[in-house]
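Asker: If it helps, the file is called model_14.cif and holds mmCIF, C-alpha atoms (C1' of nucleotides):
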data_data
#
loop_
_atom_site.label_atom_id
_atom_site.label_comp_id
_atom_site.auth_asym_id
_atom_site.auth_seq_id
_atom_site.Cartn_x
_atom_site.Cartn_y
_atom_site.Cartn_z
CA MET A 86 48.34 -7.68 -28.24
CA PRO A 87 51.07 -6.46 -26.04
CA GLU A 88 50.38 -4.24 -23.04
CA LEU A 89 48.72 -4.93 -19.70
CA PRO A 90 45.08 -4.20 -20.69
CA GLU A 91 45.28 -6.44 -23.75
CA ILE A 92 46.80 -9.29 -21.73
CA GLU A 93 44.22 -8.78 -18.97
CA SER A 94 41.41 -9.02 -21.53
CA LEU A 95 43.01 -12.17 -22.84
CA ARG A 96 43.28 -13.56 -19.30
CA ARG A 97 39.54 -13.09 -18.77
CA GLU A 98 38.78 -14.74 -22.10
CA GLN A 99 41.02 -17.70 -21.30
CA ALA A 100 39.47 -18.03 -17.84
CA GLU A 101 36.08 -18.33 -19.48
CA HIS A 102 36.92 -20.55 -22.43
CA ALA A 103 40.20 -22.41 -22.01
CA LEU A 104 39.94 -24.04 -18.57
CA ASN A 105 39.09 -27.66 -17.79
CA ARG A 106 39.42 -28.91 -21.36
CA ARG A 107 41.65 -31.96 -21.68
CA ILE A 108 44.71 -31.34 -23.85
CA ALA A 109 45.09 -34.24 -26.27
CA GLY A 110 47.82 -32.94 -28.57
CA VAL A 111 50.73 -30.50 -28.48
CA ASP A 112 52.20 -29.20 -31.74
CA LEU A 113 55.14 -26.83 -31.33
CA ARG A 114 55.52 -25.47 -34.86
CA ASP A 115 58.39 -23.15 -33.99
CA PRO A 116 60.70 -24.73 -31.38
CA GLU A 117 62.60 -21.45 -31.02
CA ARG A 118 59.57 -19.94 -29.28
CA LEU A 119 60.07 -22.33 -26.32
CA ARG A 120 62.59 -21.04 -23.80
CA GLY A 121 64.41 -23.04 -21.16
CA ALA A 122 62.99 -26.44 -22.05
CA ARG A 123 62.97 -29.09 -24.76
CA PRO A 124 59.91 -29.63 -26.93
CA ASP A 125 59.42 -33.03 -25.27
CA ASP A 126 59.28 -31.32 -21.88
CA LEU A 127 56.46 -29.10 -23.10
CA THR A 128 54.50 -32.08 -24.38
CA ALA A 129 55.04 -33.94 -21.11
CA ALA A 130 53.87 -30.94 -19.08
CA LEU A 131 50.68 -30.45 -21.12
CA SER A 132 49.55 -33.61 -22.83
CA GLY A 133 46.72 -35.40 -21.05
CA PHE A 134 46.30 -32.52 -18.59
CA HIS A 135 44.12 -29.41 -18.62
CA PHE A 136 44.46 -25.73 -17.74
CA ASP A 137 43.05 -25.12 -14.26
CA SER A 138 43.88 -21.46 -13.67
CA VAL A 139 45.01 -18.36 -15.50
CA THR A 140 46.76 -15.37 -13.99
CA ARG A 141 48.63 -12.36 -15.29
CA HIS A 142 51.58 -10.35 -14.08
CA GLY A 143 52.51 -7.29 -16.12
CA LYS A 144 52.56 -8.42 -19.74
CA ILE A 145 53.04 -12.11 -18.90
CA LEU A 146 50.17 -14.60 -18.91
CA PHE A 147 50.42 -17.75 -16.77
CA LEU A 148 48.24 -20.72 -17.63
CA GLY A 149 48.20 -23.17 -14.72
CA VAL A 150 48.28 -26.81 -15.83
CA SER A 151 46.83 -29.73 -13.85
CA SER A 152 50.28 -31.35 -14.06
CA GLY A 153 51.50 -28.67 -11.64
CA TRP A 154 53.39 -26.67 -14.25
CA LYS A 155 52.57 -23.11 -15.24
CA LEU A 156 52.86 -22.13 -18.89
CA ALA A 157 54.26 -18.59 -19.00
CA ILE A 158 53.49 -16.74 -22.23
CA HIS A 159 54.99 -13.49 -23.40
CA PHE A 160 53.41 -11.97 -26.48
CA GLY A 161 56.19 -9.76 -27.80
CA MET A 162 54.96 -7.13 -30.22
CA ASN A 163 52.12 -8.92 -32.02
CA GLY A 164 51.41 -12.23 -30.29
CA HIS A 165 47.92 -13.47 -29.49
CA ILE A 166 45.93 -16.57 -28.61
CA ALA A 167 43.09 -17.88 -30.76
CA LEU A 168 40.46 -20.44 -29.77
CA TYR A 169 38.65 -22.12 -32.64
CA GLY A 170 36.73 -25.24 -33.49
CA GLU A 171 37.75 -28.32 -35.36
CA GLY A 172 38.24 -27.37 -38.98
CA GLY A 173 38.05 -23.68 -38.04
CA ALA A 174 40.45 -21.11 -39.35
CA GLU A 175 43.87 -21.27 -37.80
CA PRO A 176 45.53 -17.86 -37.42
CA GLU A 177 48.50 -16.85 -39.56
CA HIS A 178 51.94 -17.29 -38.00
CA THR A 179 50.80 -19.96 -35.54
CA ARG A 180 53.76 -21.13 -33.43
CA LEU A 181 52.10 -23.54 -30.97
CA VAL A 182 48.83 -25.48 -31.29
CA LEU A 183 47.04 -27.40 -28.54
CA ASP A 184 44.32 -29.84 -29.53
CA PHE A 185 41.62 -30.25 -26.92
CA ALA A 186 40.02 -33.65 -26.54
CA ASP A 187 36.62 -32.03 -27.20
CA GLY A 188 37.72 -31.14 -30.75
CA GLY A 189 38.50 -27.48 -30.12
CA ARG A 190 41.89 -25.93 -30.72
CA TRP A 191 44.07 -23.36 -28.99
CA ALA A 192 46.78 -21.52 -30.93
CA PHE A 193 49.56 -19.16 -29.96
CA ALA A 194 50.30 -16.97 -32.97
CA ASP A 195 53.20 -14.54 -33.13
CA MET A 196 53.95 -12.93 -36.47
CA ARG A 197 57.23 -11.28 -35.61
CA ARG A 198 58.49 -14.11 -33.41
CA LEU A 199 59.36 -11.79 -30.56
CA GLY A 200 57.22 -13.68 -28.03
CA TRP A 201 57.89 -16.94 -26.22
CA VAL A 202 56.48 -19.63 -23.95
CA GLU A 203 58.24 -21.09 -20.94
CA LEU A 204 57.51 -23.58 -18.16
CA THR A 205 57.83 -22.78 -14.47
CA ASP A 206 56.57 -24.40 -11.27
CA ASP A 207 56.83 -21.24 -9.17
CA ILE A 208 55.49 -17.96 -10.52
CA ALA A 209 56.95 -15.78 -7.76
CA ALA A 210 60.41 -17.28 -8.22
CA TYR A 211 60.08 -16.96 -11.99
CA LEU A 212 59.24 -13.26 -11.74
CA ARG A 213 62.20 -12.72 -9.41
CA SER A 214 64.59 -14.51 -11.73
CA GLN A 215 63.35 -12.49 -14.71
CA GLU A 216 63.63 -9.25 -12.71
CA VAL A 217 60.00 -8.35 -13.29
CA GLY A 218 58.76 -5.61 -10.98
CA PRO A 219 55.35 -5.31 -9.27
CA ASP A 220 52.22 -5.30 -11.43
CA ALA A 221 51.07 -1.80 -12.40
CA LEU A 222 47.42 -2.51 -11.61
CA THR A 223 47.95 -3.55 -7.99
CA LEU A 224 50.94 -1.44 -6.93
CA ASP A 225 49.97 1.02 -4.15
CA ALA A 226 50.64 4.75 -4.43
CA GLY A 227 53.39 4.82 -1.81
CA SER A 228 55.41 2.03 -3.41
CA PHE A 229 54.85 3.56 -6.83
CA ALA A 230 56.28 6.91 -5.69
CA LYS A 231 59.27 5.19 -4.11
CA ARG A 232 60.09 3.03 -7.14
CA VAL A 233 59.39 5.54 -9.90
CA GLY A 234 60.14 8.85 -8.20
CA GLY A 235 63.78 8.03 -7.57
CA LYS A 236 64.73 7.48 -11.19
CA ARG A 237 67.02 9.97 -12.86
CA GLY A 238 65.87 9.23 -16.41
CA ALA A 239 62.71 10.28 -18.24
CA ILE A 240 59.43 9.53 -16.46
CA LYS A 241 58.21 7.68 -19.55
CA SER A 242 61.25 5.38 -19.49
CA ALA A 243 60.60 4.62 -15.81
CA LEU A 244 56.95 3.76 -16.52
CA MET A 245 58.00 1.43 -19.34
CA ASP A 246 60.81 -0.29 -17.43
CA GLN A 247 59.40 -3.72 -16.58
CA ALA A 248 61.78 -4.11 -13.65
CA THR A 249 60.40 -0.91 -12.10
CA ILE A 250 56.70 -1.57 -12.82
CA ALA A 251 55.34 -4.36 -14.99
CA GLY A 252 52.72 -3.95 -17.69
CA ILE A 253 53.12 -0.58 -19.40
CA GLY A 254 54.40 -0.19 -22.97
CA ASN A 255 54.77 2.67 -25.41
CA VAL A 256 51.11 3.38 -26.12
CA TYR A 257 49.73 3.33 -22.57
CA ALA A 258 52.76 5.23 -21.24
CA ASP A 259 51.81 8.10 -23.57
CA GLU A 260 48.14 7.81 -22.62
CA ILE A 261 48.84 7.87 -18.87
CA LEU A 262 51.21 10.84 -19.09
CA PHE A 263 48.72 12.71 -21.26
CA HIS A 264 45.93 12.35 -18.70
CA ALA A 265 48.29 13.14 -15.83
CA GLY A 266 49.45 16.31 -17.63
CA ILE A 267 53.12 15.37 -17.56
CA ILE A 268 55.62 15.70 -20.43
CA PRO A 269 57.16 12.28 -21.17
CA ASP A 270 60.79 13.36 -20.99
CA ARG A 271 60.52 15.06 -17.61
CA PRO A 272 63.11 13.47 -15.28
CA ALA A 273 61.20 11.18 -12.92
CA HIS A 274 62.85 12.62 -9.82
CA ASP A 275 61.60 16.12 -10.72
CA LEU A 276 58.04 15.05 -9.92
CA ASP A 277 56.81 16.02 -6.47
CA ASP A 278 54.54 13.83 -4.34
CA PRO A 279 51.24 15.31 -5.60
CA ALA A 280 52.34 14.74 -9.20
CA LEU A 281 53.42 11.16 -8.46
CA ASN A 282 50.11 10.55 -6.72
CA ARG A 283 48.16 11.91 -9.68
CA LEU A 284 50.26 9.83 -12.06
CA HIS A 285 49.63 6.68 -10.02
CA GLY A 286 45.88 7.36 -10.02
CA GLU A 287 45.75 7.96 -13.77
CA MET A 288 47.89 4.89 -14.42
CA GLN A 289 45.51 2.55 -12.63
CA ALA A 290 42.34 4.24 -13.91
CA ILE A 291 43.48 4.05 -17.53
CA LEU A 292 44.81 0.50 -17.38
CA ARG A 293 41.65 -0.70 -15.63
CA GLU A 294 39.27 1.07 -17.98
CA ALA A 295 41.17 -0.14 -21.06
CA ALA A 296 41.11 -3.71 -19.77
CA ASP A 297 37.37 -3.48 -19.09
CA ARG A 298 36.81 -2.22 -22.62
CA GLY A 299 38.82 -4.99 -24.26
CA GLY A 300 42.05 -3.05 -24.91
CA PHE A 301 43.14 -1.97 -28.38
CA HIS A 302 40.57 -4.19 -30.01
CA GLY A 303 37.69 -2.75 -28.02
CA GLU A 304 36.36 0.78 -27.89
CA LEU A 305 38.61 3.10 -25.96
CA PRO A 306 37.13 6.46 -24.89
CA ALA A 307 37.02 9.12 -27.62
CA CYS A 308 38.93 11.62 -25.45
CA TRP A 309 41.97 9.32 -25.32
CA LEU A 310 45.20 10.19 -27.09
CA TYR A 311 45.30 6.66 -28.50
CA HIS A 312 43.00 7.57 -31.39
CA ARG A 313 45.31 10.39 -32.51
CA ARG A 314 48.46 8.27 -32.83
CA GLY A 315 49.92 7.96 -36.30
CA ASP A 316 48.72 11.28 -37.63
CA THR A 317 49.54 14.88 -36.85
CA GLY A 318 46.20 15.41 -35.22
CA HIS A 319 44.86 17.72 -32.57
CA CYS A 320 44.54 17.20 -28.84
CA PRO A 321 41.21 15.48 -28.09
CA VAL A 322 40.83 17.68 -25.00
CA CYS A 323 42.03 21.20 -25.92
CA GLY A 324 42.44 21.05 -29.70
CA HIS A 325 46.08 22.13 -29.72
CA THR A 326 48.28 20.52 -32.39
CA LEU A 327 49.96 17.40 -31.03
CA ASN A 328 53.74 16.91 -30.92
CA THR A 329 55.81 13.80 -31.39
CA ARG A 330 59.30 13.26 -30.08
CA GLN A 331 61.64 10.39 -29.30
CA VAL A 332 61.90 9.44 -25.64
CA GLY A 333 64.07 6.48 -24.75
CA GLY A 334 64.20 5.59 -28.43
CA ARG A 335 60.41 5.30 -28.73
CA THR A 336 58.05 7.62 -30.58
CA SER A 337 55.98 9.59 -28.11
CA TYR A 338 52.79 11.58 -28.73
CA LEU A 339 51.92 14.47 -26.45
CA CYS A 340 49.93 17.68 -26.18
CA PRO A 341 52.28 20.61 -25.50
CA ALA A 342 49.39 22.59 -24.01
CA CYS A 343 47.99 19.95 -21.63
CA GLN A 344 51.33 18.45 -20.57
CA THR A 345 54.13 20.29 -18.75
"C1'" DC B 284 62.22 1.43 -52.28
"C1'" DA B 285 62.48 3.43 -47.62
"C1'" DT B 286 60.63 3.95 -43.17
"C1'" DC B 287 57.95 2.85 -39.23
"C1'" DC B 288 56.24 -0.20 -35.38
"C1'" DT B 289 51.75 -2.03 -29.19
"C1'" DG B 290 58.65 -5.34 -27.01
"C1'" DT B 291 62.89 -7.29 -25.12
"C1'" DT B 292 67.78 -8.11 -24.80
"C1'" DG B 293 72.68 -7.44 -24.77
"C1'" DA B 294 76.70 -4.62 -25.86
"C1'" DG B 295 79.12 -0.54 -25.10
"C1'" DG B 296 79.68 3.77 -23.00
"C1'" DA B 297 78.80 8.03 -20.00
"C1'" DT C 134 75.61 1.34 -9.66
"C1'" DT C 135 72.54 3.55 -12.80
"C1'" DC C 136 71.07 4.99 -16.99
"C1'" DC C 137 71.53 6.00 -21.90
"C1'" DT C 138 71.75 4.69 -26.94
"C1'" DC C 139 72.06 1.51 -30.43
"C1'" DA C 140 71.48 -2.76 -32.95
"C1'" DA C 141 69.14 -6.92 -33.54
"C1'" DC C 142 65.23 -9.79 -33.84
"C1'" DA C 143 60.74 -10.36 -38.55
"C1'" DG C 144 57.34 -9.31 -41.19
"C1'" DG C 145 53.76 -6.41 -42.65
"C1'" DA C 146 51.82 -1.69 -43.41
"C1'" DT C 147 52.35 2.78 -45.44
#
Would you mind writing the file's structure down as structure tokens?

Answerer:
Amino acid sequence: MPELPEIESLRREQAEHALNRRIAGVDLRDPERLRGARPDDLTAALSGFHFDSVTRHGKILFLGVSSGWKLAIHFGMNGHIALYGEGGAEPEHTRLVLDFADGGRWAFADMRRLGWVELTDDIAAYLRSQEVGPDALTLDAGSFAKRVGGKRGAIKSALMDQATIAGIGNVYADEILFHAGIIPDRPAHDLDDPALNRLHGEMQAILREAADRGGFHGELPACWLYHRRGDTGHCPVCGHTLNTRQVGGRTSYLCPACQT
DNA sequence: CATCCTGTTGAGGA
DNA sequence: TTCCTCAACAGGAT
């Protein structure tokens, strides 16, 4: 569940269903998923308290705890959170379980073990220390052009660099560039101001619409490139045969007719 | 059996 | 300083 829209959907779900429920038990099944703290520290920060806020920055979710700590969660490639009742089905590859006093359960599952949880008491300082850039959904057009437009490398690599802008991964980078009509391996500094402006507008429109539709697990618009990934299909807009190529080591899908 | 993959990190090099 | 590639991390799908 990895990119910004999926995490934003998760944030909304957690805001609705995970807040103000007393945490009675903490079961860290995989201690290696906890960074920068001991398992006992995690229990002390959570047990007997409740989540009182939930925010997101880029691909990181922050669950505010009534103890004052924030639980930062990164989902890696496949991580997700499940909420289920007592005796309900626990997801496969569960790495951390919280038992609520009301009998419900909260589980962080992460098949490939590329995600992690971490405690911080200052989100802004945490983001600085991790070198996470501004969130893609709230970054203004001028700052976007300044940060992205100066890069020498491929525009797709700049969009995916979390220190430059936070939240975009391989799939949405392709989607954004497709709708903006830009080839993914164009050098970022080749883009003029109108192109950067268009790219910024498409970036926010696509991320926002995807988040509103529930991300990968929802129903993304039929005209999106997303549905054509994984096969040698045709462009959903013009019908031209799609291309794939490696950009920054990642497989990229594009329409050679729509994107230049 | 081989290859691919929604992400990040560190090493090594241009 | 900046940016690139590669390998590694794990496990499941194709």

Asker: To verify the selection step, state as a list in words which residues the PyMOL selection byres ((chain A and resi 147) around 9) yields on this input.

Answerer: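 Checking the PyMOL selection byres ((chain A and resi 147) around 9) against this file, the residues are Arg96, Ser138, Val139, Thr140, Arg141, His142, Ile145, Leu146, Leu148, Gly149, Lys155, Leu156, Ala157, Ile158 and Ile208 of chain A.
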
Asker: Compute the chain C side of the contact with chain A at 10 Å, counting only C-alpha atoms (C1' of nucleotides), and hand it back as a VMD selection string.

Answerer: chain C and resid 135 to 139 142 to 145

Asker: So the first atom is atom CA of His102 of chain A and the second is atom CA of Ala192 of chain A; what is the distance between them in Å, to one decimal place?

Answerer: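 About the pair atom CA of His102 of chain A and atom CA of Ala192 of chain A: they are 13.1 Å apart.
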
Asker: Near Leu262 of chain A, counting only C-alpha atoms (C1' of nucleotides), which residues have an atom at most 9 Å away, once you skip same-chain residues fewer than 3 positions from it, shown as a list in words?

Answerer: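 Near Leu262 of chain A, the qualifying residues are Ile240, Lys241, Tyr257, Ala258, Asp259, Ala265, Gly266, Ile267, Ile268, Pro269, Leu284, Glu287, Met288, Leu339 and Gln344 of chain A.
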
Asker: Taking only C-alpha atoms (C1' of nucleotides) into account, which residues of chain B are within 10 Å of chain A, as a list in words?

Answerer: DC287, DC288, DT289, DG290 and DT291 of chain B

Asker: What is the distance between atom CA of Asp137 of chain A and atom CA of His302 of chain A, in Å to one decimal?

Answerer: 26.3 Å

Asker: Work out how far atom CA of Gly252 of chain A is from atom CA of Asp112 of chain A, in Å to one decimal.

Answerer: 28.9 Å

Asker: Leu224 of chain A: which residues within 12 Å, counting all atoms listed in the file, same-chain residues fewer than 4 positions away excluded, as a PyMOL selection string?

Answerer: chain A and resi 142-143+218-220+228-233+249-252+285-286+288-289

Asker: Can you give me, as a PDB file with C-alpha atoms, keeping the file's coordinate frame, the residues this file yields under the PyMOL selection byres ((chain A and resi 107) around 8)?

Answerer:
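Saved as out_35.pdb:
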ATOM      1  CA  ASN A 105      39.090 -27.660 -17.790  1.00  0.00           C
ATOM      2  CA  ARG A 106      39.420 -28.910 -21.360  1.00  0.00           C
ATOM      3  CA  ILE A 108      44.710 -31.340 -23.850  1.00  0.00           C
ATOM      4  CA  ALA A 109      45.090 -34.240 -26.270  1.00  0.00           C
ATOM      5  CA  GLY A 133      46.720 -35.400 -21.050  1.00  0.00           C
ATOM      6  CA  PHE A 134      46.300 -32.520 -18.590  1.00  0.00           C
ATOM      7  CA  HIS A 135      44.120 -29.410 -18.620  1.00  0.00           C
ATOM      8  CA  PHE A 136      44.460 -25.730 -17.740  1.00  0.00           C
ATOM      9  CA  PHE A 185      41.620 -30.250 -26.920  1.00  0.00           C
ATOM     10  CA  ALA A 186      40.020 -33.650 -26.540  1.00  0.00           C
ATOM     11  CA  ASP A 187      36.620 -32.030 -27.200  1.00  0.00           C
TER      12      ASP A 187
END

Asker: Can you tell me, as a list in words, what residues are no more than 12 Å from DA140 of chain C when counting only C-alpha atoms (C1' of nucleotides), ignoring any on the same chain fewer than 4 positions away?

Answerer: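 Neighbouring residues, sequence-local ones excluded: Gly334 of chain A; DT292, DG293, DA294 and DG295 of chain B.
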
Asker: Within 7 Å of (51.4, -17.3, -31.8) in the file's own coordinates, which protein, DNA or RNA residues have an atom, counting all atoms listed in the file? List them as a PDB file with C-alpha atoms, in the frame of the given file.

Answerer:
ATOM      1  CA  GLY A 164      51.410 -12.230 -30.290  1.00  0.00           C
ATOM      2  CA  HIS A 165      47.920 -13.470 -29.490  1.00  0.00           C
ATOM      3  CA  ILE A 166      45.930 -16.570 -28.610  1.00  0.00           C
ATOM      4  CA  HIS A 178      51.940 -17.290 -38.000  1.00  0.00           C
ATOM      5  CA  THR A 179      50.800 -19.960 -35.540  1.00  0.00           C
ATOM      6  CA  ARG A 180      53.760 -21.130 -33.430  1.00  0.00           C
ATOM      7  CA  LEU A 181      52.100 -23.540 -30.970  1.00  0.00           C
ATOM      8  CA  ALA A 192      46.780 -21.520 -30.930  1.00  0.00           C
ATOM      9  CA  PHE A 193      49.560 -19.160 -29.960  1.00  0.00           C
ATOM     10  CA  ALA A 194      50.300 -16.970 -32.970  1.00  0.00           C
ATOM     11  CA  ASP A 195      53.200 -14.540 -33.130  1.00  0.00           C
ATOM     12  CA  MET A 196      53.950 -12.930 -36.470  1.00  0.00           C
TER      13      MET A 196
END

Asker: Residues at most 7 Å from Gly170 of chain A, counting only C-alpha atoms (C1' of nucleotides), excluding those fewer than 5 positions away in the same chain, as an NGL selection string?

Answerer: :A and (188-190)

Asker: Once the PyMOL selection byres ((chain A and resi 206) around 6) has been evaluated on this model, what residues remain selected, and can you format them as a PyMOL selection string?

Answerer: chain A and resi 154-155+205+207

Asker: Export chain B of the preceding structure, keeping C-alpha atoms (C1' of nucleotides), as a short mmCIF file (atom, residue, chain, number, x, y, z; two decimals), in the first residue's frame.

Answerer:
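Writing done, so here's result-v8.cif:
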data_model
loop_
_atom_site.label_atom_id
_atom_site.label_comp_id
_atom_site.auth_asym_id
_atom_site.auth_seq_id
_atom_site.Cartn_x
_atom_site.Cartn_y
_atom_site.Cartn_z
"C1'" DC B 284 13.30 -22.73 -12.66
"C1'" DA B 285 13.84 -17.81 -13.80
"C1'" DT B 286 12.20 -13.26 -13.59
"C1'" DC B 287 9.63 -9.44 -11.93
"C1'" DC B 288 7.94 -6.10 -8.31
"C1'" DT B 289 3.63 -0.12 -5.60
"C1'" DG B 290 10.44 1.12 -1.69
"C1'" DT B 291 14.66 2.44 0.73
"C1'" DT B 292 19.52 2.37 1.78
"C1'" DG B 293 24.44 2.28 1.31
"C1'" DA B 294 28.54 1.51 -1.50
"C1'" DG B 295 31.17 2.85 -5.28
"C1'" DG B 296 32.02 5.64 -9.13
"C1'" DA B 297 31.47 9.38 -12.82
#
